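Dumped data10.cif below, it's mmCIF, C-alpha atoms and all ligand atoms:
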data_input
loop_
_atom_site.label_atom_id
_atom_site.label_comp_id
_atom_site.auth_asym_id
_atom_site.auth_seq_id
_atom_site.Cartn_x
_atom_site.Cartn_y
_atom_site.Cartn_z
CA MET Z 1 33.66 53.51 -25.92
CA LYS Z 2 31.94 56.64 -24.60
CA ILE Z 3 33.17 57.71 -21.16
CA GLN Z 4 32.62 60.64 -18.83
CA ILE Z 5 35.81 62.43 -17.78
CA ASN Z 6 35.32 65.41 -15.44
CA GLY Z 7 31.70 65.72 -16.60
CA GLU Z 8 32.70 65.72 -20.28
CA GLU Z 9 31.72 62.88 -22.62
CA LYS Z 10 34.61 61.47 -24.67
CA GLU Z 11 34.97 58.68 -27.20
CA VAL Z 12 38.13 56.64 -26.47
CA LEU Z 13 39.75 53.37 -27.44
CA ALA Z 14 41.70 51.10 -25.07
CA ILE Z 15 44.70 51.32 -27.41
CA TRP Z 16 45.81 53.09 -30.59
CA ARG Z 17 49.02 53.93 -32.47
CA GLU Z 18 50.50 57.26 -33.51
CA TYR Z 19 53.31 56.28 -35.90
CA ASN Z 20 56.08 54.94 -33.60
CA LYS Z 21 54.20 55.58 -30.37
CA VAL Z 22 51.52 53.40 -28.82
CA LYS Z 23 48.86 55.01 -26.65
CA ILE Z 24 46.97 53.04 -24.03
CA ILE Z 25 44.52 53.70 -21.25
CA ASP Z 26 46.45 52.68 -18.12
CA GLN Z 27 44.06 50.01 -16.85
CA ARG Z 28 45.94 49.58 -13.56
CA LEU Z 29 44.63 52.91 -12.29
CA LEU Z 30 40.97 52.53 -13.29
CA PRO Z 31 38.39 53.43 -12.16
CA HIS Z 32 39.99 56.09 -9.95
CA LYS Z 33 42.36 57.70 -12.41
CA PHE Z 34 42.02 58.04 -16.15
CA VAL Z 35 45.55 58.23 -17.57
CA ILE Z 36 46.70 57.78 -21.16
CA LEU Z 37 50.20 56.26 -21.31
CA THR Z 38 52.56 56.80 -24.23
CA LEU Z 39 54.74 53.79 -25.02
CA ASN Z 40 57.81 54.99 -26.92
CA SER Z 41 59.36 51.71 -28.03
CA HIS Z 42 58.45 48.06 -28.58
CA ARG Z 43 60.28 47.32 -25.30
CA GLU Z 44 57.98 49.71 -23.43
CA THR Z 45 54.97 48.09 -25.13
CA ALA Z 46 56.14 44.62 -24.06
CA ASP Z 47 56.56 45.89 -20.49
CA ALA Z 48 53.09 47.47 -20.54
CA ILE Z 49 51.65 44.07 -21.52
CA SER Z 50 53.48 42.14 -18.80
CA ASP Z 51 52.72 44.81 -16.16
CA MET Z 52 49.06 44.73 -17.27
CA ALA Z 53 48.88 48.46 -17.99
CA THR Z 54 46.97 47.10 -20.97
CA ARG Z 55 45.22 43.76 -20.61
CA GLY Z 56 42.52 41.48 -22.01
CA ALA Z 57 43.20 39.05 -24.86
CA GLY Z 58 42.15 41.45 -27.63
CA SER Z 59 43.96 44.52 -26.32
CA ILE Z 60 47.23 42.68 -25.78
CA GLY Z 61 46.85 41.20 -29.28
CA VAL Z 62 46.59 44.70 -30.74
CA ALA Z 63 49.47 45.84 -28.50
CA GLY Z 64 51.61 43.00 -29.85
CA GLY Z 65 50.97 44.06 -33.46
CA TYR Z 66 51.64 47.70 -32.64
CA GLY Z 67 54.79 46.70 -30.75
CA LEU Z 68 56.09 45.00 -33.86
CA ALA Z 69 55.23 48.09 -35.94
CA GLN Z 70 57.34 50.09 -33.46
CA ALA Z 71 60.17 47.57 -33.78
CA ALA Z 72 60.10 47.88 -37.60
CA ILE Z 73 60.38 51.66 -37.37
CA GLU Z 74 63.18 51.35 -34.79
CA ALA Z 75 65.10 49.06 -37.19
CA GLU Z 76 64.71 51.41 -40.18
CA ARG Z 77 68.44 52.01 -40.71
CA LEU Z 78 69.62 48.42 -40.34
CA SER Z 79 70.67 46.08 -43.16
CA GLN Z 80 68.03 43.56 -44.33
CA LYS Z 81 69.71 40.77 -42.33
CA LYS Z 82 70.01 42.86 -39.16
CA PHE Z 83 66.47 44.17 -39.66
CA MET Z 84 65.09 40.61 -39.57
CA GLU Z 85 67.22 39.75 -36.53
CA TYR Z 86 65.83 42.80 -34.75
CA MET Z 87 62.26 41.89 -35.73
CA ASN Z 88 62.60 38.28 -34.59
CA ASP Z 89 64.03 39.39 -31.27
CA ALA Z 90 61.21 41.94 -30.79
CA ALA Z 91 58.57 39.33 -31.74
CA LEU Z 92 59.93 36.95 -29.12
CA ARG Z 93 59.97 39.66 -26.47
CA LEU Z 94 56.37 40.66 -27.24
CA VAL Z 95 54.99 37.10 -27.41
CA ASN Z 96 56.69 36.20 -24.13
CA SER Z 97 55.28 39.23 -22.33
CA ARG Z 98 52.16 37.16 -21.44
CA PRO Z 99 51.80 33.47 -22.21
CA THR Z 100 48.13 32.48 -22.10
CA ALA Z 101 46.13 34.72 -24.47
CA VAL Z 102 46.78 33.45 -27.99
CA ASN Z 103 45.64 36.71 -29.64
CA LEU Z 104 49.08 38.09 -28.77
CA LYS Z 105 50.94 35.28 -30.56
CA HIS Z 106 48.62 35.35 -33.58
CA SER Z 107 48.91 39.09 -33.96
CA VAL Z 108 52.71 39.16 -33.65
CA GLN Z 109 53.06 36.24 -36.11
CA ARG Z 110 50.86 37.99 -38.67
CA CYS Z 111 52.88 41.20 -38.44
CA LEU Z 112 56.23 39.36 -38.47
CA LYS Z 113 55.27 37.67 -41.73
CA LYS Z 114 54.82 41.11 -43.33
CA ALA Z 115 58.43 41.96 -42.38
CA GLU Z 116 59.87 39.25 -44.59
CA LYS Z 117 59.62 40.71 -48.11
CA GLY Z 118 60.54 43.90 -49.97
CA SER Z 119 62.76 46.87 -49.24
CA ILE Z 120 63.08 47.98 -45.61
CA LYS Z 121 60.67 50.82 -46.33
CA GLU Z 122 58.11 48.45 -47.85
CA ARG Z 123 58.46 46.09 -44.93
CA ILE Z 124 57.89 48.85 -42.39
CA ILE Z 125 54.75 49.95 -44.22
CA ALA Z 126 53.50 46.36 -44.50
CA VAL Z 127 54.01 45.66 -40.77
CA CYS Z 128 52.35 48.95 -39.76
CA ASN Z 129 49.38 48.28 -42.09
CA GLU Z 130 48.96 44.75 -40.76
CA SER Z 131 48.93 46.00 -37.17
CA GLU Z 132 46.17 48.49 -38.07
CA LEU Z 133 44.25 45.79 -39.95
CA ILE Z 134 44.24 43.63 -36.81
CA ALA Z 135 42.86 46.52 -34.74
CA SER Z 136 40.12 47.24 -37.30
CA GLU Z 137 39.22 43.55 -37.61
CA ASP Z 138 38.73 43.52 -33.83
CA VAL Z 139 36.25 46.39 -34.09
CA THR Z 140 34.27 44.52 -36.74
CA ALA Z 141 34.40 41.23 -34.81
CA SER Z 142 33.32 42.95 -31.61
CA ARG Z 143 30.24 44.41 -33.34
CA LYS Z 144 29.35 41.10 -34.99
CA ILE Z 145 29.70 39.24 -31.68
CA GLY Z 146 27.25 41.80 -30.30
CA PHE Z 147 24.88 41.25 -33.20
CA TYR Z 148 24.85 37.45 -32.95
CA GLY Z 149 24.93 37.35 -29.16
CA ASP Z 150 21.96 39.69 -28.90
CA GLU Z 151 19.66 36.87 -30.07
CA LEU Z 152 20.50 34.91 -26.88
CA ILE Z 153 19.38 37.75 -24.64
CA LYS Z 154 15.68 37.92 -23.83
CA ILE Z 155 13.90 40.95 -22.37
CA ASN Z 156 14.74 41.21 -18.65
CA SER Z 157 17.61 38.71 -18.92
CA ARG Z 158 19.84 38.50 -15.87
CA ILE Z 159 23.37 37.77 -17.03
CA LEU Z 160 26.50 36.85 -15.10
CA THR Z 161 29.95 37.79 -16.39
CA HIS Z 162 33.42 37.13 -15.02
CA CYS Z 163 36.54 39.33 -15.27
CA ASN Z 164 36.49 42.05 -17.92
CA ALA Z 165 35.75 41.28 -21.54
CA GLY Z 166 34.48 44.73 -22.44
CA ALA Z 167 35.84 47.71 -24.37
CA LEU Z 168 39.06 47.86 -22.34
CA ALA Z 169 39.85 44.21 -23.08
CA TYR Z 170 38.81 44.14 -26.73
CA ILE Z 171 38.16 47.13 -28.97
CA ASP Z 172 35.64 48.53 -29.46
CA GLN Z 173 32.71 46.97 -27.55
CA GLY Z 174 34.44 43.96 -26.05
CA THR Z 175 33.54 40.31 -26.47
CA ALA Z 176 31.37 39.12 -23.55
CA LEU Z 177 29.94 42.61 -22.96
CA SER Z 178 29.20 43.27 -26.63
CA PRO Z 179 25.95 41.20 -26.79
CA ILE Z 180 24.80 42.83 -23.55
CA ILE Z 181 25.52 46.34 -24.85
CA THR Z 182 23.83 45.54 -28.17
CA ALA Z 183 20.74 44.10 -26.47
CA TYR Z 184 20.50 47.07 -24.12
CA ASN Z 185 20.93 49.59 -26.94
CA ARG Z 186 18.11 47.83 -28.79
CA GLY Z 187 15.81 48.53 -25.89
CA LYS Z 188 15.94 45.23 -23.97
CA GLU Z 189 16.01 45.56 -20.20
CA VAL Z 190 18.95 43.56 -18.83
CA PHE Z 191 20.67 43.16 -15.50
CA VAL Z 192 24.32 42.15 -15.16
CA TYR Z 193 25.87 40.34 -12.21
CA VAL Z 194 29.55 41.33 -12.18
CA ASP Z 195 31.98 38.98 -10.42
CA GLU Z 196 34.64 41.03 -8.63
CA THR Z 197 37.33 38.69 -10.07
CA ARG Z 198 40.02 38.35 -7.44
CA PRO Z 199 42.91 38.84 -7.23
CA ARG Z 200 43.17 41.85 -9.57
CA ASN Z 201 39.49 42.73 -9.43
CA GLN Z 202 39.00 43.38 -13.14
CA GLY Z 203 35.24 42.89 -12.61
CA ALA Z 204 35.03 45.34 -9.71
CA LYS Z 205 37.40 47.89 -11.16
CA ILE Z 206 36.76 47.74 -14.90
CA THR Z 207 33.57 45.85 -15.88
CA ALA Z 208 31.46 47.65 -13.25
CA TRP Z 209 32.94 50.97 -14.38
CA GLU Z 210 32.27 50.24 -18.07
CA LEU Z 211 28.64 49.25 -17.39
CA HIS Z 212 28.19 52.31 -15.22
CA GLN Z 213 29.51 54.53 -18.03
CA GLN Z 214 26.89 53.03 -20.37
CA ASP Z 215 24.04 53.21 -17.82
CA ILE Z 216 23.49 49.44 -18.04
CA PRO Z 217 21.92 48.08 -14.81
CA TYR Z 218 24.37 45.86 -12.89
CA ALA Z 219 25.50 44.84 -9.43
CA LEU Z 220 28.95 43.86 -8.27
CA ILE Z 221 29.06 40.56 -6.38
CA VAL Z 222 31.87 38.70 -4.62
CA ASP Z 223 33.26 35.83 -6.66
CA ASN Z 224 31.81 33.31 -4.21
CA ALA Z 225 28.23 34.61 -4.62
CA ALA Z 226 27.59 33.42 -8.18
CA GLY Z 227 26.49 29.93 -7.06
CA TYR Z 228 24.09 31.43 -4.54
CA TYR Z 229 22.39 33.61 -7.16
CA MET Z 230 22.27 30.73 -9.64
CA SER Z 231 20.63 28.44 -7.08
CA GLN Z 232 18.07 31.17 -6.34
CA GLY Z 233 17.04 31.20 -10.01
CA LYS Z 234 18.32 34.76 -10.40
CA ILE Z 235 20.73 34.19 -13.28
CA ASP Z 236 19.40 33.29 -16.75
CA LEU Z 237 22.62 33.28 -18.74
CA VAL Z 238 26.41 33.40 -18.30
CA ILE Z 239 28.64 35.08 -20.89
CA VAL Z 240 32.43 35.24 -20.50
CA GLY Z 241 35.36 36.03 -22.79
CA ALA Z 242 38.35 33.78 -23.48
CA ASP Z 243 42.12 33.92 -23.71
CA ARG Z 244 42.68 30.75 -25.72
CA ILE Z 245 40.29 28.15 -27.12
CA ALA Z 246 41.57 24.70 -28.05
CA SER Z 247 40.34 22.85 -31.18
CA ASN Z 248 38.08 20.66 -29.04
CA GLY Z 249 36.38 23.70 -27.43
CA ASP Z 250 38.23 23.74 -24.08
CA VAL Z 251 38.54 27.36 -22.94
CA ALA Z 252 41.24 29.17 -20.96
CA ASN Z 253 39.87 32.29 -19.30
CA LYS Z 254 40.35 34.20 -16.06
CA ILE Z 255 40.77 32.05 -12.96
CA GLY Z 256 37.33 31.20 -11.57
CA THR Z 257 35.66 30.75 -14.96
CA TYR Z 258 35.73 26.95 -14.60
CA GLU Z 259 33.82 27.12 -11.30
CA LYS Z 260 31.13 29.33 -12.83
CA ALA Z 261 30.74 26.93 -15.77
CA VAL Z 262 30.33 23.88 -13.50
CA LEU Z 263 27.81 25.77 -11.37
CA ALA Z 264 25.93 26.90 -14.45
CA LYS Z 265 25.59 23.30 -15.69
CA GLU Z 266 24.45 22.14 -12.24
CA ASN Z 267 21.78 24.86 -12.28
CA LYS Z 268 20.81 24.32 -15.96
CA ILE Z 269 21.90 27.82 -16.98
CA PRO Z 270 23.33 28.35 -20.51
CA PHE Z 271 27.04 29.17 -20.43
CA TYR Z 272 28.38 31.02 -23.50
CA VAL Z 273 31.91 32.07 -24.41
CA ALA Z 274 32.20 35.16 -26.65
CA ALA Z 275 35.40 35.22 -28.70
CA PRO Z 276 36.73 36.08 -32.16
CA LYS Z 277 38.73 33.90 -34.56
CA MET Z 278 42.01 35.29 -33.09
CA THR Z 279 41.30 33.56 -29.77
CA PHE Z 280 40.88 30.09 -31.31
CA ASP Z 281 44.15 28.16 -31.40
CA SER Z 282 44.07 25.48 -34.10
CA GLU Z 283 47.52 24.26 -33.00
CA CYS Z 284 46.23 23.44 -29.54
CA ARG Z 285 44.25 20.20 -29.40
CA THR Z 286 42.91 20.35 -25.83
CA GLY Z 287 43.01 22.60 -22.80
CA ARG Z 288 45.80 20.48 -21.32
CA GLU Z 289 48.23 22.06 -23.78
CA ILE Z 290 47.48 25.64 -22.68
CA ILE Z 291 50.16 27.38 -20.64
CA ILE Z 292 48.64 28.96 -17.55
CA GLU Z 293 50.31 32.16 -16.45
CA GLU Z 294 51.40 32.28 -12.82
CA ARG Z 295 51.49 35.84 -11.50
CA THR Z 296 53.27 37.45 -8.58
CA SER Z 297 52.25 36.97 -4.95
CA ASP Z 298 51.66 40.69 -4.29
CA GLU Z 299 48.37 40.40 -6.26
CA LEU Z 300 47.05 38.40 -3.29
CA THR Z 301 49.02 39.85 -0.41
CA HIS Z 302 48.17 43.47 -1.30
CA ILE Z 303 45.09 45.35 -2.38
CA SER Z 304 44.98 48.75 -4.05
CA GLY Z 305 42.48 51.58 -4.25
CA LEU Z 306 41.66 55.04 -2.91
CA ASP Z 307 42.00 55.90 0.78
CA ASP Z 308 39.55 58.21 2.56
CA GLU Z 309 41.62 61.25 1.52
CA GLY Z 310 41.36 60.23 -2.13
CA ASN Z 311 44.99 59.08 -2.42
CA TYR Z 312 45.73 55.97 -4.46
CA ARG Z 313 47.30 53.36 -2.15
CA SER Z 314 48.41 49.77 -2.11
CA ILE Z 315 48.09 48.10 1.30
CA LYS Z 316 49.19 44.74 2.64
CA ILE Z 317 46.38 42.43 3.80
CA THR Z 318 48.36 39.32 4.79
CA ALA Z 319 51.02 38.47 7.37
CA ASP Z 320 54.69 38.81 6.38
CA GLY Z 321 55.95 35.65 4.68
CA THR Z 322 52.49 34.39 3.64
CA LYS Z 323 52.90 31.70 0.98
CA VAL Z 324 50.93 32.26 -2.22
CA LEU Z 325 49.88 30.37 -5.34
CA ASN Z 326 48.49 32.61 -8.07
CA PRO Z 327 47.44 31.02 -11.38
CA SER Z 328 45.88 33.74 -13.51
CA PHE Z 329 43.70 31.51 -15.70
CA ASP Z 330 41.94 28.17 -15.62
CA VAL Z 331 40.61 25.82 -18.28
CA THR Z 332 36.91 25.11 -18.66
CA PRO Z 333 36.33 21.77 -20.40
CA ALA Z 334 34.16 22.02 -23.52
CA LYS Z 335 31.45 19.85 -21.93
CA TYR Z 336 30.40 22.78 -19.74
CA ILE Z 337 30.06 25.23 -22.64
CA THR Z 338 26.70 25.74 -24.35
CA GLY Z 339 28.13 27.60 -27.34
CA PHE Z 340 30.61 30.15 -28.69
CA ILE Z 341 29.48 33.61 -29.77
CA THR Z 342 31.79 34.55 -32.63
CA GLU Z 343 31.90 36.97 -35.56
CA LYS Z 344 30.77 34.01 -37.71
CA GLY Z 345 27.66 33.39 -35.62
CA ILE Z 346 26.95 31.05 -32.70
CA LEU Z 347 28.97 27.83 -32.77
CA HIS Z 348 27.20 24.74 -31.43
CA ARG Z 349 28.30 21.19 -30.57
CA PRO Z 350 30.23 19.24 -31.63
CA PHE Z 351 32.77 22.06 -31.27
CA SER Z 352 35.64 20.29 -32.97
CA VAL Z 353 33.47 20.36 -36.12
CA SER Z 354 31.81 23.78 -35.77
CA ILE Z 355 35.09 25.57 -34.89
CA LYS Z 356 36.86 24.05 -37.91
CA LYS Z 357 33.94 24.89 -40.21
CA ALA Z 358 33.78 28.50 -39.03
CA PHE Z 359 37.49 29.36 -39.18
CA ASP Z 360 39.41 27.05 -41.53
C1 LIG R 401 41.43 38.90 -19.06
C2 LIG R 401 40.43 37.83 -19.26
C3 LIG R 401 39.34 38.11 -20.24
C4 LIG R 401 39.79 37.57 -21.59
C5 LIG R 401 38.82 37.92 -22.70
O1 LIG R 401 42.48 38.53 -18.24
O2 LIG R 401 40.51 36.74 -18.74
O3 LIG R 401 38.16 37.48 -19.88
O4 LIG R 401 41.06 38.09 -21.90
O5 LIG R 401 39.12 39.12 -23.19
P1 LIG R 401 43.61 39.61 -17.86
P2 LIG R 401 38.72 39.65 -24.64
O6 LIG R 401 42.90 40.73 -17.18
O7 LIG R 401 44.52 38.84 -16.96
O8 LIG R 401 44.27 40.02 -19.14
O9 LIG R 401 37.44 40.36 -24.43
O10 LIG R 401 39.83 40.57 -25.00
O11 LIG R 401 38.58 38.51 -25.57
#
Could you render the structure from this file as structure tokens?
Amino acid sequence: MKIQINGEEKEVLAIWREYNKVKIIDQRLLPHKFVILTLNSHRETADAISDMATRGAGSIGVAGGYGLAQAAIEAERLSQKKFMEYMNDAALRLVNSRPTAVNLKHSVQRCLKKAEKGSIKERIIAVCNESELIASEDVTASRKIGFYGDELIKINSRILTHCNAGALAYIDQGTALSPIITAYNRGKEVFVYVDETRPRNQGAKITAWELHQQDIPYALIVDNAAGYYMSQGKIDLVIVGADRIASNGDVANKIGTYEKAVLAKENKIPFYVAAPKMTFDSECRTGREIIIEERTSDELTHISGLDDEGNYRSIKITADGTKVLNPSFDVTPAKYITGFITEKGILHRPFSVSIKKAFD
């Protein structure tokens, strides 16, 4: 992703590894501060995932693989038995750092498998290589999702997206934003409606910033405005990302996605989910089996940003003792989804057949 920092154009990734250190863009501070964090151990990487310093299904998947590579290096001097104990413990810690996005589990499982055979040295190399393979597969999948999704975007399309499924969520062009970026770079005029995405405002803070960096025309809207614009005939297409997709096509994504999908159907607007193979969970039959992460109350009771003096602040917006419920994701039943934009092309109904055919 190309970004402007202090007037200088730079090419950066959301996450990368330098041997036993993981580097991430601290997404909690965007768009006001651009800070690269160094994570020195797999424990720090697990904490960065649960604190959402890095976020988005793809990025936390890559972080999980890199975390396991760190764990392998940390366990270098242990016996084979102790090495595996250490790796299993690290894998559990990483997988449990966030429960909903299945990319994390898939990535950690793949890397853990590489820790099972050979000398300790061979195992470390195999785990590190697998973690890099996952990151490079994401880049390829992101580009292919852009390529296939581009065909859905007509000249002057007005597209709604929810949360952030761009370069910060999934290297290197994102999932939901990748078709939009591809279409725009091929000369199609587009306009993006960006849901703010309460409570953490990933749309307002990250998606709007990413589109701005790429000069793609957009407007930020409050979450409650999507239905209004749909009913006015101002939205032609909805594209969102996903955190876990069940075998029947039910989709877990950021809280509020379900509402947008129902509204899209009511207004006869195509609703697409852009996601790679890693986000499809063949072990999960329907959306009912997906664990929905419940996050802390301060995400609703407080709001953060810059004050008039340019200082980063968190302020309380509710009365003391306010009771909060804060599910981070919801499940959109497959019946509301027009299709999946994947690295294997667009998947159509019946999804239980097309998903199996594409990825088995
Ligand atoms: C992120 C979110 C994104 C998906 C898709 O939630 O819901 O839409 O993860 O991302 P959070 P990707 O900010 O809570 O992690 O583009 O990586 O598939």
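Pocket residues of ligand LIG 401 (chain R), taken as those with any atom at most 7 Å away using only C-alpha atoms and all ligand atoms, are Met52, Arg55, Gly56, Ala57, Gly58, Ser59, Ala101, His162, Cys163, Asn164, Ala165, Gly166, Ala169, Tyr170, Gly174, Thr175, Ala176, Gln202, Val240, Gly241, Ala242, Asp243, Asn253, Lys254, Ala275, Ser328 and Phe329 of chain Z.
Pairwise distance (CA of Gly7 (chain Z), CA of Ala167 (chain Z)) equals 20.0 Å.
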Study note, to complete from the structure: In terms of only C-alpha atoms, the residue from Z:Leu94, Z:Leu160, Z:Val353, Z:Leu306 at minimal distance from Pro270 (chain Z) is Z:Leu160
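For the choices Z:Lys234, Z:His348, Z:Lys277, Z:Lys335, the atom-to-atom distance to Ser107 (chain Z) is smallest for Z:Lys277 when using all atoms listed in the file.
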Exercise for review: Would you mind listing what lies within 7 Å of region 179-186 of chain Z as a list in words, with only C-alpha atoms counted and same-chain residues fewer than 4 positions away left out?
Suggested key: Ile145, Gly146, Phe147, Gly149, Asp150, Ile153 and Val190 of chain Z
**Study point:** region 265-269 of chain Z environment, 8 Å, only C-alpha atoms, sequence neighbours closer than 2 positions dropped, as a VMD selection string
**Key:** chain Z and resid 230 to 231 235 to 238 261 to 263 271 336
Check your understanding: For Lys33 (chain Z), which of Z:Asn311, Z:Gln109, Z:Ser142, Z:Thr286 is the closest residue, counting all atoms listed in the file?
Key -> Z:Asn311
Point to revise | Length of the CA of Ile290 (chain Z) to CA of Asp51 (chain Z) vector [Å] | key: 20.9 Å
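The shell of residues at most 7 Å from Thr54 (chain Z), with only C-alpha atoms counted and near chain neighbours (fewer than 3 positions) removed, consists of Ile24, Asp26, Gln27, Ala48, Ile49, Ser59 and Ile60 of chain Z.
In this structure, CA of Ile245 (chain Z) sits 14.8 Å away from CA of Glu343 (chain Z).
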**Study point:** Distance criterion (all atoms listed in the file): nearest to Asp320 (chain Z) out of Z:Asp298, Z:Asp307, Z:Asp47, Z:Glu11
**Key:** Z:Asp298
Practice item. Identify, on the basis of only C-alpha atoms, every residue whose closest approach to region 246-252 of chain Z does not exceed 10 Å; exclude the query and any residue fewer than 2 positions from it along the same chain; express the result as number ranges by chain. Key: Z: 100-102, 241-244, 254-255, 257-258, 273, 279-292, 328-337, 339-340, 349-356
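The shortest atom-to-atom distance to Val324 (chain Z), with only C-alpha atoms taken into account, belongs to Z:Pro199 out of Z:Gln214, Z:Ala72, Z:Pro199, Z:Tyr228.
Minimum atom-to-atom distance to Arg110 (chain Z), evaluated using all atoms listed in the file, belongs to Z:Gly65 out of Z:Gly65, Z:Gly203, Z:Pro276, Z:Gly256.
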Check your understanding: Any idea what's packed within 12 Å of Glu85 (chain Z), counting all atoms listed in the file, ignoring anything in its chain fewer than 4 positions away? Could you give it as a ChimeraX atom specification?
Key -> /Z:71-72,75,78-81,89-92,112,115-116
As AutoDock Vina command-line options, please: the centre and edge lengths in Å, to one decimal, of an axis-aligned box enclosing every listed atom of region 254-270 of chain Z with 3 Å added on each side.
--center_x 30.8 --center_y 28.2 --center_z -15.9 --size_x 26.0 --size_y 18.1 --size_z 15.2
